[in-house]
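Here is the structure we will look at, set down as structure tokens.
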Amino acid sequence: MARRTKEDAEKTKQELMASALKLFSEKGVSRTTLTDIAKGAGVTKGAFYWHFKDKFEILHALRIKFTAEFDSVSAIDMNAADYGVEQFFYQFEAILGLLNSSPDLFNFYRVCVLKCEFTDELKEFVELDVIETKRWQAEVEESLVRLPSTAWQNDVEQAPRLLANVICDYLSGYVLSKAMDNSALDPQSALNGLKMICRGGGLII
């Protein structure tokens with residue numbers, strides 16, 4: 001009985017998260033109430049409070065879920081003997097493909113860039129977003145630093161950090177464009193554009 005109750009509780013939690021994501025995407029975070037989320041999940045408001053304290057907490061739970069999904073598909077082994085430019089670009093090919101094939105992940109990033117109003121209630125979420133962006137930039141920079149010297153056209157002492165910032169800005173812009181118009185640039189075209197940027201930044205492609 002206890003195991004079934006635990007499974008039911010997890011099912012309710014996931015249904016609340018799905019309801020929140022749908023409503024945030026449709027109405028925006030500030031215009032979505034906790035009652036709306038609970039109703040969308042077919043549970044009481046009390047059930048919401050059993051799992052989450054407020055909208056920030058459910059947004060954070062969504063972030064953890066989709067960041068894990070994001071990281072799992074884009075993981076690369078920078079210690080592999082054959083690590084090079086092809087493996088470097090694999091992570092971005094995977095990311096762009098996932099954004100195009102996962103409606104829930106797409107909706108989450110759409111909420112982040114278009115539907116997450118900067119209110120006091122969500123101040124902590126916005127601050128965590130900045131931290132997450134810096135983490136991502138650092139990971140991209142590290143994946144550039146670990147490329148063999150033969151992958152670069154010229155002196156690369158300053159190139160990885162600058163190029164990592166440009167790559168992250170480019171991909172953030174892509175997400176914003178897709179959020180505003182889902183028919184915008186397809187993943188392969190976006191990847192080709194990224195390769196053009198990296199070639200200009202010194203990579204041999």
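Residue numbering restarts at 1 in every chain; chains get A, B, ... in the order shown in the structure tokens, and ligands count up from 1 in that same order.
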* To do: Write out as a PyMOL selection string which residues come within 6 Å of region 65-79 of chain A when counting only C-alpha atoms, dropping same-chain ones fewer than 3 positions away.
  => chain A and resi 62+83+91+94
* To do: Would you please give, as an NGL selection string, all residues of chain A that DSSP assigns to helix (DSSP H, G or I) based on the backbone?
  => :A and (2-27 or 34-41 or 45-51 or 55-74 or 85-101 or 103-115 or 120-145 or 149-151 or 159-180 or 187-200)
* To do: Excluding Ala81 (chain A) and residues on its chain fewer than 5 positions from it, collect all residues at most 12 Å away from it, counting only C-alpha atoms, and give them as a PyMOL selection string.
  => chain A and resi 87+146-148
For the residues in the current selection, export N, CA, C and O atoms as a PDB file, in the first residue's frame.
```pdb
ATOM      1  N   GLN A  87      33.017  16.005 -32.380  1.00  0.00           N
ATOM      2  CA  GLN A  87      32.376  15.729 -31.094  1.00  0.00           C
ATOM      3  C   GLN A  87      31.913  17.026 -30.429  1.00  0.00           C
ATOM      4  O   GLN A  87      30.876  17.055 -29.764  1.00  0.00           O
ATOM      5  N   ARG A 146      39.439  22.202 -24.425  1.00  0.00           N
ATOM      6  CA  ARG A 146      39.931  20.817 -24.491  1.00  0.00           C
ATOM      7  C   ARG A 146      40.152  20.332 -25.932  1.00  0.00           C
ATOM      8  O   ARG A 146      40.653  19.223 -26.140  1.00  0.00           O
ATOM      9  N   LEU A 147      39.778  21.135 -26.916  1.00  0.00           N
ATOM     10  CA  LEU A 147      40.038  20.755 -28.310  1.00  0.00           C
ATOM     11  C   LEU A 147      41.550  20.747 -28.564  1.00  0.00           C
ATOM     12  O   LEU A 147      42.283  21.549 -28.001  1.00  0.00           O
ATOM     13  N   PRO A 148      42.015  19.867 -29.430  1.00  0.00           N
ATOM     14  CA  PRO A 148      43.450  19.851 -29.743  1.00  0.00           C
ATOM     15  C   PRO A 148      43.858  21.144 -30.461  1.00  0.00           C
ATOM     16  O   PRO A 148      43.027  21.789 -31.111  1.00  0.00           O
TER      17      PRO A 148
END
```
* Which polymer residues have any atom within 12 Å of an atom of Ala164 (chain A), counting only C-alpha atoms, with same-chain residues fewer than 6 positions away left out, as a count of residues only? -> 23
